[in-house]
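The structure file query02.tsv is reproduced below (TSV, C-alpha atoms).
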chain	number	residue	atom	x	y	z
A	26	MET	CA	-20.51	-52.64	63.53
A	27	GLN	CA	-16.78	-53.04	63.97
A	28	ALA	CA	-13.98	-51.42	61.98
A	29	ALA	CA	-10.20	-51.41	62.17
A	30	ARG	CA	-9.32	-47.71	62.42
A	31	TYR	CA	-5.98	-46.00	62.02
A	32	TYR	CA	-5.08	-43.59	64.81
A	33	GLY	CA	-1.49	-42.85	63.86
A	34	ASN	CA	1.95	-44.41	63.57
A	35	ARG	CA	1.67	-48.13	64.44
A	36	ASP	CA	-1.71	-47.56	66.08
A	37	VAL	CA	-4.72	-49.43	64.65
A	38	ARG	CA	-7.69	-50.21	66.89
A	39	ILE	CA	-10.92	-52.14	66.53
A	40	ASP	CA	-13.77	-49.69	67.17
A	41	ASP	CA	-17.53	-49.85	67.21
A	42	VAL	CA	-18.70	-47.43	64.53
A	43	GLU	CA	-22.05	-46.38	63.10
A	44	GLU	CA	-23.63	-48.58	60.44
A	45	PRO	CA	-23.33	-46.99	56.99
A	46	SER	CA	-26.42	-46.01	55.06
A	47	PRO	CA	-26.52	-45.26	51.36
A	48	GLY	CA	-27.21	-41.93	49.75
A	49	ALA	CA	-29.49	-41.91	46.71
A	50	ASP	CA	-26.66	-42.91	44.35
A	51	ASP	CA	-24.79	-45.22	46.73
A	52	VAL	CA	-24.69	-48.84	47.79
A	53	VAL	CA	-23.74	-50.48	51.07
A	54	ILE	CA	-21.30	-53.36	50.64
A	55	GLU	CA	-20.83	-56.18	53.12
A	56	VAL	CA	-17.08	-56.66	52.95
A	57	ALA	CA	-15.98	-60.24	52.23
A	58	ALA	CA	-12.30	-59.49	51.76
A	59	CYS	CA	-10.01	-56.48	51.85
A	60	GLY	CA	-6.36	-56.54	50.88
A	61	ILE	CA	-3.58	-54.76	52.72
A	62	CYS	CA	-2.01	-52.42	50.19
A	63	GLY	CA	1.55	-51.17	50.38
A	64	SER	CA	0.17	-47.66	50.96
A	65	ASP	CA	-1.74	-48.94	54.02
A	66	LEU	CA	1.39	-50.62	55.35
A	67	GLY	CA	3.48	-47.51	54.69
A	68	GLU	CA	0.99	-45.33	56.54
A	69	TYR	CA	0.90	-47.77	59.45
A	70	LEU	CA	4.70	-48.00	59.72
A	71	HIS	CA	5.72	-44.45	58.81
A	72	GLY	CA	2.58	-42.29	58.88
A	73	PRO	CA	0.52	-40.42	59.21
A	74	ARG	CA	1.14	-39.01	55.75
A	75	HIS	CA	-1.10	-35.95	56.19
A	76	GLU	CA	-0.25	-32.84	58.18
A	77	GLY	CA	-2.13	-32.53	61.45
A	78	ASP	CA	-4.33	-35.20	62.93
A	79	ASP	CA	-7.79	-33.70	62.38
A	80	TYR	CA	-8.67	-36.54	59.98
A	81	LEU	CA	-7.77	-39.26	62.48
A	82	PRO	CA	-8.96	-41.83	63.22
A	83	TYR	CA	-10.14	-43.24	59.92
A	84	THR	CA	-10.96	-46.65	58.45
A	85	MET	CA	-8.35	-47.78	55.93
A	86	GLY	CA	-8.81	-50.37	53.19
A	87	HIS	CA	-9.32	-49.63	49.50
A	88	GLU	CA	-8.77	-53.06	47.92
A	89	LEU	CA	-12.08	-54.67	48.73
A	90	ALA	CA	-14.77	-56.97	47.44
A	91	GLY	CA	-18.07	-58.10	48.85
A	92	THR	CA	-21.82	-58.18	48.38
A	93	VAL	CA	-24.23	-55.28	47.91
A	94	VAL	CA	-26.65	-55.43	50.87
A	95	GLU	CA	-28.45	-52.11	50.40
A	96	ALA	CA	-28.92	-49.72	47.48
A	97	GLY	CA	-29.99	-46.08	47.31
A	98	GLU	CA	-33.04	-45.11	45.28
A	99	ASN	CA	-30.98	-44.11	42.20
A	100	ALA	CA	-28.41	-46.91	42.42
A	101	ASP	CA	-28.55	-49.26	39.45
A	102	VAL	CA	-27.09	-52.27	41.31
A	103	GLU	CA	-29.18	-55.10	42.68
A	104	VAL	CA	-28.96	-56.17	46.31
A	105	GLY	CA	-27.13	-59.49	46.43
A	106	THR	CA	-24.68	-58.62	43.64
A	107	GLU	CA	-21.12	-59.72	44.42
A	108	ILE	CA	-18.74	-56.93	43.47
A	109	VAL	CA	-15.23	-55.57	43.48
A	110	LEU	CA	-14.75	-51.87	44.16
A	111	ASN	CA	-12.98	-49.07	42.32
A	112	PRO	CA	-11.97	-46.93	45.33
A	113	LEU	CA	-11.38	-43.66	43.41
A	114	VAL	CA	-14.24	-41.18	43.78
A	115	PRO	CA	-13.86	-38.14	41.48
A	116	CYS	CA	-15.66	-34.86	42.21
A	117	GLY	CA	-17.34	-34.66	38.80
A	118	ASP	CA	-16.93	-30.88	38.85
A	119	CYS	CA	-13.34	-29.99	37.90
A	120	PRO	CA	-11.75	-29.58	34.43
A	121	SER	CA	-10.29	-33.11	34.55
A	122	CYS	CA	-13.69	-34.61	35.37
A	123	ASP	CA	-15.26	-32.54	32.57
A	124	GLU	CA	-12.81	-34.29	30.20
A	125	ALA	CA	-13.54	-37.74	31.75
A	126	ARG	CA	-9.97	-37.85	33.09
A	127	TYR	CA	-11.18	-38.91	36.51
A	128	ASN	CA	-7.80	-40.19	37.68
A	129	LEU	CA	-6.55	-36.59	37.46
A	130	CYS	CA	-9.46	-35.10	39.43
A	131	ARG	CA	-8.33	-32.15	41.54
A	132	ASN	CA	-10.63	-33.19	44.37
A	133	LEU	CA	-10.28	-36.97	44.12
A	134	GLU	CA	-11.29	-38.91	47.21
A	135	VAL	CA	-10.27	-42.47	47.94
A	136	ILE	CA	-12.40	-44.99	49.79
A	137	GLY	CA	-10.07	-46.11	52.56
A	138	ALA	CA	-8.42	-42.69	52.90
A	139	GLN	CA	-10.68	-39.64	52.59
A	140	ARG	CA	-13.78	-41.87	52.90
A	141	PRO	CA	-14.30	-44.82	55.26
A	142	GLY	CA	-12.78	-47.97	53.84
A	143	GLY	CA	-13.01	-51.73	53.77
A	144	TYR	CA	-11.39	-52.64	57.06
A	145	ALA	CA	-14.93	-52.75	58.36
A	146	GLU	CA	-17.90	-55.06	58.21
A	147	ARG	CA	-19.70	-52.80	55.74
A	148	VAL	CA	-18.83	-49.75	53.66
A	149	THR	CA	-20.73	-47.25	51.52
A	150	ALA	CA	-19.64	-46.45	47.96
A	151	PRO	CA	-21.07	-44.77	44.87
A	152	ALA	CA	-22.96	-47.35	42.80
A	153	GLY	CA	-20.87	-46.34	39.78
A	154	ASN	CA	-17.74	-47.55	41.56
A	155	VAL	CA	-18.81	-51.18	41.90
A	156	VAL	CA	-17.98	-53.79	39.29
A	157	PRO	CA	-20.07	-56.98	39.37
A	158	LEU	CA	-18.00	-60.13	39.61
A	159	PRO	CA	-18.38	-62.73	36.88
A	160	ASP	CA	-20.11	-66.00	37.72
A	161	GLY	CA	-17.74	-68.37	39.48
A	162	VAL	CA	-15.47	-65.62	40.86
A	163	SER	CA	-15.89	-65.17	44.60
A	164	PRO	CA	-15.21	-61.85	46.36
A	165	GLU	CA	-12.33	-63.52	48.23
A	166	LEU	CA	-10.58	-64.27	44.92

The structure given in the file should be rewritten as structure tokens.
Amino acid sequence: MQAARYYGNRDVRIDDVEEPSPGADDVVIEVAACGICGSDLGEYLHGPRHEGDDYLPYTMGHELAGTVVEAGENADVEVGTEIVLNPLVPCGDCPSCDEARYNLCRNLEVIGAQRPGGYAERVTAPAGNVVPLPDGVSPEL
């Protein structure tokens, strides 16, 4: 599959990458739309924002919506469900997570930063991070 990957300051390339596959608690989403966030633009124009380049290249894109095309054995989301994604993936193991303060997680990962993002044909995400769209609301909206 193809993905737009960030290699560094003003350097984004279309690459062939491996198809994602879900873990037991994950879903694979066929991306219908992915917004360009100000943080993506800032990274492109002024980045990279991390020290060193051992994390490069990576697939940006955390404002995405699409359709679930595959679900892991424990995922409680039906294939075919149109969704929008919460890109914040907490560790579930730190004091903040113990208090259900996931936005303060010490080991928070973001889909489109620490995990491959939505500037790709498909992306994997925890099933708990998808929100089904209401009837009549398309992923592009």

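Using all atoms listed in the file for every distance, the candidate list A:Gly33, A:Gly86, A:Pro112, A:Pro45 yields A:Gly86 as the residue closest to A:Ser64.
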
Considering all atoms listed in the file, can you say which of A:Asn99, A:Thr92, A:Asn34, A:Ser163 comes closest to A:Gly72?
A:Asn34

Just the number, please: distance in Å from atom CA of A:Ala145 to atom CA of A:Asn132, one decimal.
24.4 Å

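Each of A:Glu134, A:Glu88, A:Glu103, A:Asp51 was compared to A:Leu166 using only C-alpha atoms, and A:Glu88 turns out to be the nearest.
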
What gap, in Å, lies between atom CA of A:Ala29 and atom CA of A:Met85?
7.5 Å

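Pairwise distance (atom CA of A:Ala150, atom CA of A:Thr84) equals 13.6 Å.
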